Structures are given as structure tokens and as C-alpha cells.
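A.B. asks: Structure provided below as C-alpha cells; questions to follow.
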Amino acid sequence: MISIILPTYNEADNIKLIVPQISKLFTDKDIKGEIIVVDDNSPDGTADLARALSQKYPVRVYVRKNERGLATAVMKGFELARGEICLIMDADLSHPVDKIPEMINPIVQGNCDATVGSRYIAGGGCKNWSFIRRIVSKGSGILALGLTNLSDPTSGFMAIKKSLLEGIKLDPIGWKIVLEVIVKTNSRFKEIPIVFGDRQFGKSKLDLRVQKEYLGHLWKLYLYKYPTIKAFLILLITTAVFRLLYIRWVELAPDEAYYYTWSRNLQWGYYDHPPMVGFLIRVFTTIGGQGEFGVRWGWVIMGALLTILLYRLGTKMFSSERAGFYAALLMNISLLGSTGAVIVTPDGPQGLFWVLAISSVYKAFRGESDLWWYFTGIWFGLGLLSKYTMILLAPCLFLFLLSSPEGRKWLNRKEPYLAFFLGLLIFSPVIFWNAQNEWISFRMQISHGLEVKNAARLKYFWEYWGGQAAVVTPLLFLALIWAMVKSAVAGFRRQKYNLLLLFWTSTPILLFFAGTSFRTKVEANWPALAYFPALVAMAGIAGEEWAGWKKGRKGFSWAVALSVLLITLVAHLQPIYPLVPIPPKRDPTSRLYGWRILGERIKEVARSMEPGKEIFLLSPRYHMVGEGMFYTQAKFPVYQWDAPQRINNLSWVNAPPVGSQAIFFTEDGNELPHGLAPLFDSCEKLEPLVIRRNSSPVRTHPIWKCSGFKGLK
């Protein structure tokens with residue numbers, strides 16, 4: 001038996017049309033069915049008319065006098081239904097009556113548990129809808145993407161086995177009962193194409209209040225399906241707000257100021273890195289202003305995006321929200337992850353594109369769509385535009401595909417190779433720029449990272465591992481090494497491609513730079529890419545094994561989290577309010593202090609110089625050039641002395657007008673560089689600027705003012 005549930009309010013004109021149509025369909029198709037009208041005490045007499053129709057048609061009427069709302073009316077209909085299958089439809093004839101057999105037959109035949117009418121699959125559509133109404137409808141469906149993969153979860157036309165509703169607590173808000181049932185019954189659904197018509201009579205109940213109720217309903221369903229999402233959103237919002245405030249309080253680090261100079265002189269490559277960081281700073285300062293906030297706020301956004309990605313990746317890979325949440329949490333409380341979301345470096349965008357690439361490969365590997373390989377290529381190319389070490393993604397993914405039978409099948413297909421070449425195509429402007437500039441950036445990176453240094457071998461090797469433990473924090477570093485080993489063992493033994501993917505995109509990076517440390521000194525941030533997939537692996541494996549762990553292992557896990565949080569909090573407070581009693585001159589956070597004072601001193605010197613003549617700034621260190629430019633608000637041209645590879649180098653093609661005045665400033669040192677004084681009529685040494693922190697000297701900035709620039713030949 002089929003129970004057709006019609007929730008009504010002021011539908012008198014429509015009920016007298018739809019009831020005969022459904023009854024005729026029952027007769028024509030030999031369907032044993034009933035029609036249940038649940039009316040919310042309509043003032044237009046809908047209930048009375050329905051009762052009159054019950055004399056001729058299989059109609060039962062229930063009137064609710066103290067409650068209103070389509071969703072709860074449908075729930076009452078479920079309760080009253082005598083049929084094995086319940087079908088919900090609107091009483092205003094917007095849902096096509098002739099589609100009822102097509103809605104119930106797949107359930108009767110056992111092909112699915114429920115059917116949903118869809119306007120957005122082949123054969124479906126909407127009659128006479130305005131553009132705005134289509135946008136609202138489609139947008140409502142998009143908001144529910146995290147709850148279901150149905151194309152039209154808000155159509156309101158659904159058939160379902162009544163037995164599936166037993167024991168399910170339905171608690172909808174407003175009108176979208178179908179979405180509630182979809183989420184809470186976890187049924188096998190099939191979509192049926194329908195053409196949604198306009199109501200025959202009466203006024204639509206879709207208004208702002210209904211939309212507000214729908215958003216509230218979505219929120220409840222997301223919390224139901226993802227119990228940790230509330231904690232995740234608190235984490236996401238809290239960290240983002242804190243960082244947006246924090247970046248205003250802390251002065252730019254020397255490297256940040258250096259990258260700021262790139263944003264004032266955009267090109268497809270620089271001596272040190274590809275151009276992404278310069279492009280991004282240009283965009284973000286255009287939107288957010290020329291202060292510290294403008295330079296850094298984009299990295300806060302990237303940190304938030306990375307948080308979302310790690311949450312989604314952990315949730316999908318381990319079918320556990322808890323795994324996703326803990327991966328996101330650890331990234332945000334770790335020293336490496338948290339500072340990377342406030343300090344501007346090329347590692348920020350590169351890390352984001354690295355995780356995006358891993359996520360895309362995972363989706364392609366699990367069969368979602370071959371197109372995900374091309375997204376992988378896009379992320380690969382954008383990562384290369386951020387930092388050259390993104391090239392390591394290619395061998396990592398090759399080894400991943402090689403390590404499993406399923407992966408080796410992909411090696412015989414075109415998609416991975418096209419993705420690789422798509423990435424190179426995106427990166428090609430940097431290749432052309434290097435070709436036009438004597439391969440300056442490539443040569444610098446090769447010599448910087450691969451050239452054998454005399455003091456290398458075991459010294460740098462042990463420094464490398466010590467540096468990693470320090471920057472990641474010691475206990476977390478040990479836990480991540482454990483996760484990498486566990487990923488390898490479990491991945492190879494059980495051929496779990498999620499663990500293999502995380503292993504191959506983390507461990508080889510760490511080992512590659514360990515090998516590099518035998519030849520040269522490795523900077524602590526170089527292997528940062530390894531830790532994002534390792535965090536996901538650690539969160540997932542720990543979540544799966546947690547119930548079987550003894551107190552000692554669980555205690556160590558809590559010690560990891562608490563130690564990481566404490567170290568990260570102290571590291572963030574140290575630049576503002578030093579908690580750790582380190583001598584200021586040796587405190588690394590002192591590099592974030594004193595540059596505003598230097599900028600004010602330079603502007604003070606400039607005011608004392610001859611008016612009417614151009615003033616430029618000159619320094620022998622690239623980071624001083626950046627700090628000087630940024631903290632004088634780029635009021636003066638800034639040049640670097642004797643640095644032919646860098647964009648601000650003072651040269652015959654990049655020099656101020658003859659007769660200009662200069663302010664030369666540096667860090668430590670008491671003499672002008674050789675060859676500089678003859679370029680001016682005179683140079684006067686001024687009182688050095690001593691930067692003090694808590695009354696202790698941090699560094700000294702000698703300053704000269706020079707007049708009568710003679711030009712360069």
C-alpha cells in the first residue's frame with residue numbers, strides 16, 4: 001500500500017484538483033493507495049473540503065490546531081500512514097502527479113530504499129521560473145553539498161519505505177523534511193527527473209523567514225552528520241581572528257620586508273625564488289593596505305584554507321571527522337603551522353598547493369573523476385610558481401603510483417603525465433625568465449641546496465635533525481616520525497592507498513633533505529612540506545588505534561599536544577612580551593623588533609637634508625633594503641649596494657638622478673663600503689641608531705647622509 005502525504009495550509013483551490021488526479025492515477029495504474037491530508041487549520045476551509053472529498057476518494061484528514069510547518073506536518077503524516085511506502089509531495093500541483101509510479105516502482109522492485117524527484121538531472125527542469133528563483137534554488141542545494149550528493153535535495157518530492165523511518169528521530173526546522181530524511185536514514189536513494197511546475201492557485205510560502213529557517217535546519221544537520229564540526233568551526237574562526245589581530249602587532253621580519261620589495265617590482269622570477277609571494281603581496285596590499293596587516297592577511301587566509309583542507313582530507317581518508325579535526329587542530333597549534341599562517345614566506349602558498357595536490361590525487365585514485373588529475377597539475381604548477389622544491393611532488397607521486405597494483409594501472413594512462421606537463425606549462429614563464437637572465441635563479445638554488453660545503457657531512461646532518469625537532473617541537477616531531485613509519489608498514493602490508501599516499505608525500509621529503517645535509521647546510525623550513533600529510537596520517541592512525549592504547553601511550557599523546565600548544569603560545573607572545581629570559585641580542589624574535597624606529601630615524605634624517613633635491617636610500621643588505629622601504633612607506637627609492645643579482649641593485653641601469661642625496665644605513669660596521677664615498681661630493685657619518693629592547697641593545701644601525709651623487713658609468 002502507498003500513502004501519499006499532502007501537507008496543506010490554505011490550499012482549498014488546489015486540494016480539489018490534486019486529490020481527484022491522484023485517485024484517478026491509483027485506478028489507472030492499479031495502485032492500492034491512500035491520501036493523507038495534514039492541514040494546519042487553514043482559514044480557507046482546506047480541511048472541510050478535504051473531508052468532503054473523502055466521501056468519494058481514499059482520503060484521510062488530520063487537522064493540527066496548535067502547530068504549523070510543512071516538515072512537522074509530514075512527520076504527522078508518517079505517523080498516520082498505513083502504507084509500506086510513504087510519498088511526500090506538495091499539494092499545490094507543483095510536483096507532477098504522473099511521476100508517482102516512477103517514484104515508487106524502484107522501491108517496490110528493491111532497487112533502492114527511497115527516491116527523490118530532481119529538477120537538475122537529465123529530463124528534469126522548472127517551468128516559468130525567474131532567474132532569481134533559480135539562483136535561490138540552486139544555491140540552497142549547493143549549501144547542502146556536505147550533507148548529500150543528491151543533485152536536488154530541496155525538491156520536496158520523495159518516496160521512502162516507512163520501515164526506514166522507525167527509530168529515527170526527525171527534528172526538522174521549517175519546510176525541508178526531505179533533506180532531514182536523506183541525512184538521518186542513510187538510505188539508498190535514486191533520483192527521478194521531474195519538471196517542477198508553478199502552483200495552480202494560492203500564494204507561495206517561500207519568503208525570507210523560510211530561507212532563514214532553512215539555514216538553521218542546515219546548521220543542525222551539519223552538526224548531526226559531523227559531530228565535531230562545531231569544534232572545528234570554533235578552531236577555524238578563533239585562530240583566524242587571533243591571527244588577523246596578531247599580525248598588526250608584530251613588525252615585519254627581514255625576509256618579509258624583502259619579499260615586500262618584490263611586490264613593488266613584479267617580474268616572473270627573482271634571484272631567490274619564483275614570483276608567487278611577490279604577486280600575492282601585491283594583491284593583498286592593494287586590498288588590505290600597505291601596513292603589516294596588508295602584507296600578511298593573505299597568509300592568514302591561506303592558513304584557514306589549509307585548516308579546512310586538512311580537516312576534509314583526514315575526514316575522507318579515514319572516514320572519521322575526528323581524524324580530520326585533530327589533523328587541523330595539530331596544524332594550528334604546532335609552531336611550524338601557526339607561524340606559517342602569520343609570517344610571509346613562499347612556504348605558505350606552496351604548502352597550500354601541496355595539500356591541494358594530495359587531495360586531488362586521492363579523489364582521482366578513489367574514482368571520483370579523472371579530471372582531478374588535471375587539478376593536480378594546476379596545483380603542481382602553482383606550487384612551482386611559489387617555490388622550486390614543489391618539483392619534489394613529481395617523484396613522490398610517481399613512487400606512490402608505483403607502490404601498488406592499482407597505482408601501476410595509472411602509469412599506463414595519460415592523465416598523470418598530462419597533469420605533470422600542465423604543471424610545467426603553468427610554470428613556463430619562470431623558465432623563460434631564467435633563460436633570459438642567465439638562469440640566475442636556477443643556478444642560485446642549485447648551488448645553495450646541492451653544492452658541497454667544506455664543513456658539511458656529519459656536522460650538518462646532526463644539525464638538520466636537531467633543527468627539525470626544534471622547529472616542529474620535539475615530542476610532535478617524534479610522533480610524526482612514528483606516523484610516517486606506521487603509514488609505510490600498514491600501507492604496504494594492507495595495500496591501503498590512503499596511507500601509501502600520505503607516506504610517499506611526506507617521508508621522502510624528509511629523507512631527501514637529510515641526504516642534502518651531507519653536502520650543505522639545510523634550512524629548518526625546507527622540509528616543511530613533509531609534515532602536512534604526516535599530520536593527517538598521525539591523526540588518522542591514532543584515531544583508529546586509540547581505543548586499544550594503554551595509559552602510557554595515551555599520556556604521551558596528551559603530552560605531545562600540550563607541549564606543542566605551550567611552545568607555540570610562548571613563541572607568539574615572545575615578540576610582544578618576552579616570557580623566556582633570553583638575552584635580547586640572542587633572542588630570534590628581536591628580528592621582529594625595532595624596524596619602525598629605524599624607519600622614523602631615516603625620515604628624520606631626510607627632513608634635515610637639502611630641500612628640493614631627490615633623496616634615495618642605500619644599504620648593502622637585501623633585508624635592510626626591504627625594511628627601509630616598508631617603514632618609510634616607500635617614500636624614497638631604495639637601492640642595494642653591490643648586489644648585481646638582486647632587483648634593487650644600484651647600477652648604471654637602475655640609479656637615481658645625478659645630484660641626488662642619499663641616506664646610507666646598515667647593520668653594525670663603522671665604515672662605508674669600499675668605492676661608495678667617491679660616488680658623492682660628501683658623506684657625513686651620523687650618530688648610530690641603537691635598537692634597545694628592555695633597555696638592552698639588540699643591534700646598531702650606522703647611518704650616513706651623502707650629498708651630490710655623481711652617477712654611475
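FYI, nothing fancy with the C-alpha cells labels: chains A, B, ... in order, residues from 1 per chain, ligands from 1 as they appear.
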Can you write out as a Markdown table which residues of stretch 135-163 of chain A fall within 12 Å of stretch 217-222 of chain A, alongside each residue's closest atom pair and its distance in Å to one decimal, counting only C-alpha atoms and ordering rows by chain and ascending residue number?

C.D. replies:
| residue | atom | partner | partner_atom | distance |
| --- | --- | --- | --- | --- |
| A:Ser140 | CA | A:Leu218 | CA | 9.6 |
| A:Gly141 | CA | A:Leu218 | CA | 10.5 |
| A:Ile142 | CA | A:Leu218 | CA | 11.2 |
| A:Leu143 | CA | A:Leu218 | CA | 7.9 |
| A:Ala144 | CA | A:Leu218 | CA | 7.0 |
| A:Leu145 | CA | A:Tyr222 | CA | 10.4 |
| A:Gly146 | CA | A:Tyr222 | CA | 7.7 |
| A:Leu147 | CA | A:Tyr222 | CA | 6.8 |
| A:Thr148 | CA | A:Tyr222 | CA | 10.5 |
| A:Pro153 | CA | A:Leu218 | CA | 11.6 |
| A:Thr154 | CA | A:Leu218 | CA | 11.2 |

A.B. asks: Would you put the residues from that selection into a file with all heavy atoms, as a compact mmCIF listing (two decimals), in the first residue's frame?

C.D. replies:
# COMPACT_ATOMS: atom_id res chain seq x y z
N SER A 140 20.54 26.88 -2.60
CA SER A 140 20.12 26.09 -1.44
C SER A 140 20.67 24.67 -1.53
O SER A 140 21.08 24.09 -0.52
CB SER A 140 18.59 26.06 -1.36
OG SER A 140 18.07 27.36 -1.19
N GLY A 141 20.68 24.12 -2.74
CA GLY A 141 21.25 22.79 -2.93
C GLY A 141 22.75 22.76 -2.71
O GLY A 141 23.28 21.82 -2.12
N ILE A 142 23.42 23.80 -3.17
CA ILE A 142 24.88 23.87 -3.00
C ILE A 142 25.25 23.90 -1.53
O ILE A 142 26.22 23.28 -1.09
CB ILE A 142 25.44 25.10 -3.75
CG1 ILE A 142 25.35 24.87 -5.26
CG2 ILE A 142 26.89 25.38 -3.34
CD1 ILE A 142 25.68 26.09 -6.11
N LEU A 143 24.46 24.63 -0.73
CA LEU A 143 24.73 24.70 0.70
C LEU A 143 24.63 23.33 1.38
O LEU A 143 25.20 23.12 2.45
CB LEU A 143 23.77 25.68 1.37
CG LEU A 143 23.97 27.16 1.03
CD1 LEU A 143 22.86 28.00 1.66
CD2 LEU A 143 25.33 27.66 1.49
N ALA A 144 23.91 22.41 0.74
CA ALA A 144 23.73 21.08 1.33
C ALA A 144 24.71 20.06 0.77
O ALA A 144 24.59 18.86 1.07
CB ALA A 144 22.30 20.61 1.08
N LEU A 145 25.70 20.50 -0.01
CA LEU A 145 26.62 19.56 -0.64
C LEU A 145 27.38 18.71 0.37
O LEU A 145 27.72 17.56 0.10
CB LEU A 145 27.62 20.31 -1.53
CG LEU A 145 27.10 20.78 -2.89
CD1 LEU A 145 28.16 21.58 -3.62
CD2 LEU A 145 26.65 19.60 -3.73
N GLY A 146 27.65 19.26 1.53
CA GLY A 146 28.36 18.50 2.54
C GLY A 146 27.50 17.46 3.23
O GLY A 146 28.00 16.63 4.00
N LEU A 147 26.18 17.47 2.95
CA LEU A 147 25.26 16.54 3.59
C LEU A 147 24.86 15.38 2.69
O LEU A 147 24.56 14.28 3.16
CB LEU A 147 23.99 17.29 4.04
CG LEU A 147 24.20 18.41 5.06
CD1 LEU A 147 22.91 19.20 5.24
CD2 LEU A 147 24.66 17.84 6.39
N THR A 148 24.81 15.62 1.40
CA THR A 148 24.36 14.59 0.46
C THR A 148 24.93 14.88 -0.92
O THR A 148 25.25 16.03 -1.24
CB THR A 148 22.83 14.57 0.38
OG1 THR A 148 22.43 13.63 -0.63
CG2 THR A 148 22.26 15.94 0.02
N PRO A 153 18.39 18.08 -3.32
CA PRO A 153 17.87 17.64 -2.02
C PRO A 153 16.75 18.51 -1.47
O PRO A 153 16.16 18.17 -0.45
CB PRO A 153 19.10 17.71 -1.13
CG PRO A 153 19.95 18.78 -1.72
CD PRO A 153 19.73 18.67 -3.21
N THR A 154 16.44 19.63 -2.14
CA THR A 154 15.41 20.53 -1.63
C THR A 154 14.14 20.50 -2.48
O THR A 154 13.29 21.37 -2.34
CB THR A 154 15.94 21.99 -1.59
OG1 THR A 154 16.27 22.41 -2.92
CG2 THR A 154 17.18 22.08 -0.72

A.B. asks: Which residues, written as a ChimeraX atom specification, have at least one atom at most 9 Å from A:Glu84, with only C-alpha atoms counted and residues fewer than 6 positions away on the same chain left out?

C.D. replies: /A:1-3,160-163

A.B. asks: Residues of stretch 60-87 of chain A that approach stretch 99-119 of chain A to 12 Å or less, counting only C-alpha atoms: could you list each one with the shortest pair of atoms and its distance in Å to one decimal, rows by chain and increasing residue number, as a Markdown table?

C.D. replies:
| residue | atom | partner | partner_atom | distance |
| --- | --- | --- | --- | --- |
| A:Gly83 | CA | A:Ile104 | CA | 11.8 |
| A:Glu84 | CA | A:Val108 | CA | 9.5 |
| A:Ile85 | CA | A:Ile104 | CA | 7.6 |
| A:Cys86 | CA | A:Ile104 | CA | 8.9 |
| A:Leu87 | CA | A:Ile104 | CA | 8.0 |

A.B. asks: Write out as a PDB file with C-alpha atoms, in the first residue's frame which residues come within 8 Å of stretch 301-308 of chain A when counting only C-alpha atoms, dropping same-chain ones fewer than 3 positions away.

C.D. replies:
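Saved result, around_2.pdb, follows:
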ATOM      1  CA  LEU A 236      38.872  27.866  12.418  1.00  0.00           C
ATOM      2  CA  ALA A 240      41.781  33.259  12.087  1.00  0.00           C
ATOM      3  CA  TRP A 297      46.466  38.905   5.952  1.00  0.00           C
ATOM      4  CA  GLY A 298      46.568  36.709   2.866  1.00  0.00           C
ATOM      5  CA  TYR A 311      40.054  18.586   8.064  1.00  0.00           C
ATOM      6  CA  ARG A 312      38.435  17.393   4.840  1.00  0.00           C
ATOM      7  CA  ALA A 328      43.522  20.541  11.594  1.00  0.00           C
ATOM      8  CA  LEU A 329      43.998  21.154  15.316  1.00  0.00           C
ATOM      9  CA  MET A 331      48.454  22.087  12.323  1.00  0.00           C
ATOM     10  CA  ASN A 332      47.106  25.171  14.065  1.00  0.00           C
ATOM     11  CA  GLY A 337      51.933  25.573  11.082  1.00  0.00           C
ATOM     12  CA  SER A 338      50.931  28.524  13.229  1.00  0.00           C
ATOM     13  CA  GLY A 340      53.468  29.847   8.722  1.00  0.00           C
ATOM     14  CA  ALA A 341      49.983  31.371   8.888  1.00  0.00           C
ATOM     15  CA  GLY A 348      52.713  29.439   2.761  1.00  0.00           C
ATOM     16  CA  PRO A 349      51.261  29.136  -0.745  1.00  0.00           C
ATOM     17  CA  LEU A 352      48.552  25.027   0.437  1.00  0.00           C
ATOM     18  CA  VAL A 355      47.927  19.618   0.222  1.00  0.00           C
TER      19      VAL A 355
END

A.B. asks: Please provide as a ChimeraX atom specification all residues within 8 Å of A:Gly515, with the sequence filter that same-chain residues fewer than 4 positions apart are discarded (counting only C-alpha atoms).

C.D. replies: /A:461,511,519

A.B. asks: Write out as a PyMOL selection string all residues of stretch 447-664 of chain A that backbone DSSP assigns to alpha helix (DSSP H).

C.D. replies: chain A and resi 447-450+458-472+474-494+497-504+507-516+531-545+551-573+595-607+622-630

A.B. asks: Based on DSSP run over this structure's backbone, return all residues of stretch 479-628 of chain A in strand (DSSP E or B), as a VMD selection string.

C.D. replies: chain A and resid 615 to 619

A.B. asks: Calculated over only C-alpha atoms, which of the candidates A:Pro416, A:Pro58, A:Gly555, A:Gly381 has the smallest distance to A:Lys32?

C.D. replies: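 The answer is A:Pro58, which sits nearest to A:Lys32.
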
A.B. asks: Distance atom CA of A:Arg699-atom CA of A:Leu618, one decimal place?

C.D. replies: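 Going from atom CA of A:Arg699 over to atom CA of A:Leu618 covers 18.5 Å.
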
A.B. asks: One decimal, Å: what's the distance from atom CA of A:Leu330 over to atom CA of A:Tyr593, could you say?

C.D. replies: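 Interatomic distance, atom CA of A:Leu330 to atom CA of A:Tyr593: 28.2 Å.
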
A.B. asks: Given the choices A:Phe477, A:Phe26, A:Tyr464, A:Trp129, which gets closest to A:Phe512 if the distance is worked out from only C-alpha atoms?

C.D. replies: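 Of A:Phe477, A:Phe26, A:Tyr464, A:Trp129, the one nearest A:Phe512, counting only C-alpha atoms, is A:Tyr464.
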
A.B. asks: Please list as JSON, numbers by chain every residue within 12 Å of A:Ile602, counting only C-alpha atoms and excluding residues in the same chain fewer than 6 positions away.

C.D. replies: {"A": [595, 596, 608, 609, 615, 616, 617, 618, 627, 628, 629, 630, 631, 632, 633, 634, 635, 636, 638, 662, 663, 664, 665, 666, 686, 687, 688, 689, 701, 702, 703, 704, 705]}

A.B. asks: Can you pull out every residue within 6 Å of stretch 178-182 of chain A, counting only C-alpha atoms, but drop anything in the same chain fewer than 2 positions away, and send it as a PyMOL selection string?

C.D. replies: chain A and resi 153+156+176+184-185

A.B. asks: What lies within 12 Å of A:Ile343 using only C-alpha atoms, ignoring chain neighbours under 3 positions off, as a ChimeraX atom specification?

C.D. replies: /A:243-244,246-248,250-257,259,277,281,292-293,295-300,302-303,335-340,346-349,572,592

A.B. asks: Can you spit out the residues from that selection as a short mmCIF file (atom, residue, chain, number, x, y, z; two decimals), in the first residue's frame, using C-alpha atoms?

C.D. replies:
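Saved file out-v6.cif follows:
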data_model
loop_
_atom_site.label_atom_id
_atom_site.label_comp_id
_atom_site.auth_asym_id
_atom_site.auth_seq_id
_atom_site.Cartn_x
_atom_site.Cartn_y
_atom_site.Cartn_z
CA ARG A 243 45.95 35.94 13.68
CA LEU A 244 44.24 38.86 11.98
CA TYR A 246 48.21 39.49 15.88
CA ILE A 247 49.70 40.44 12.50
CA ARG A 248 49.08 44.11 13.29
CA VAL A 250 54.35 42.42 15.19
CA GLU A 251 56.74 44.19 12.84
CA LEU A 252 57.80 42.61 9.57
CA ALA A 253 60.65 40.13 9.73
CA PRO A 254 63.61 40.97 7.44
CA ASP A 255 62.65 38.35 4.84
CA GLU A 256 59.04 39.55 4.84
CA ALA A 257 60.21 43.09 4.12
CA TYR A 259 59.50 40.00 -0.30
CA VAL A 277 54.99 35.56 -2.99
CA ILE A 281 51.69 40.56 -1.51
CA GLU A 292 51.81 44.85 8.27
CA PHE A 293 48.17 43.76 8.08
CA VAL A 295 51.21 42.27 3.75
CA ARG A 296 50.24 39.34 5.98
CA TRP A 297 46.47 38.91 5.95
CA GLY A 298 46.57 36.71 2.87
CA TRP A 299 48.73 34.22 4.75
CA VAL A 300 46.09 34.08 7.50
CA MET A 302 45.83 30.55 3.40
CA GLY A 303 46.25 29.14 6.90
CA LEU A 335 54.87 26.04 15.86
CA LEU A 336 55.56 25.41 12.17
CA GLY A 337 51.93 25.57 11.08
CA SER A 338 50.93 28.52 13.23
CA THR A 339 53.89 30.76 12.38
CA GLY A 340 53.47 29.85 8.72
CA PRO A 346 56.97 31.23 -0.10
CA ASP A 347 56.25 28.18 2.08
CA GLY A 348 52.71 29.44 2.76
CA PRO A 349 51.26 29.14 -0.74
CA HIS A 572 53.73 34.03 19.70
CA LEU A 592 60.75 41.38 14.62
#
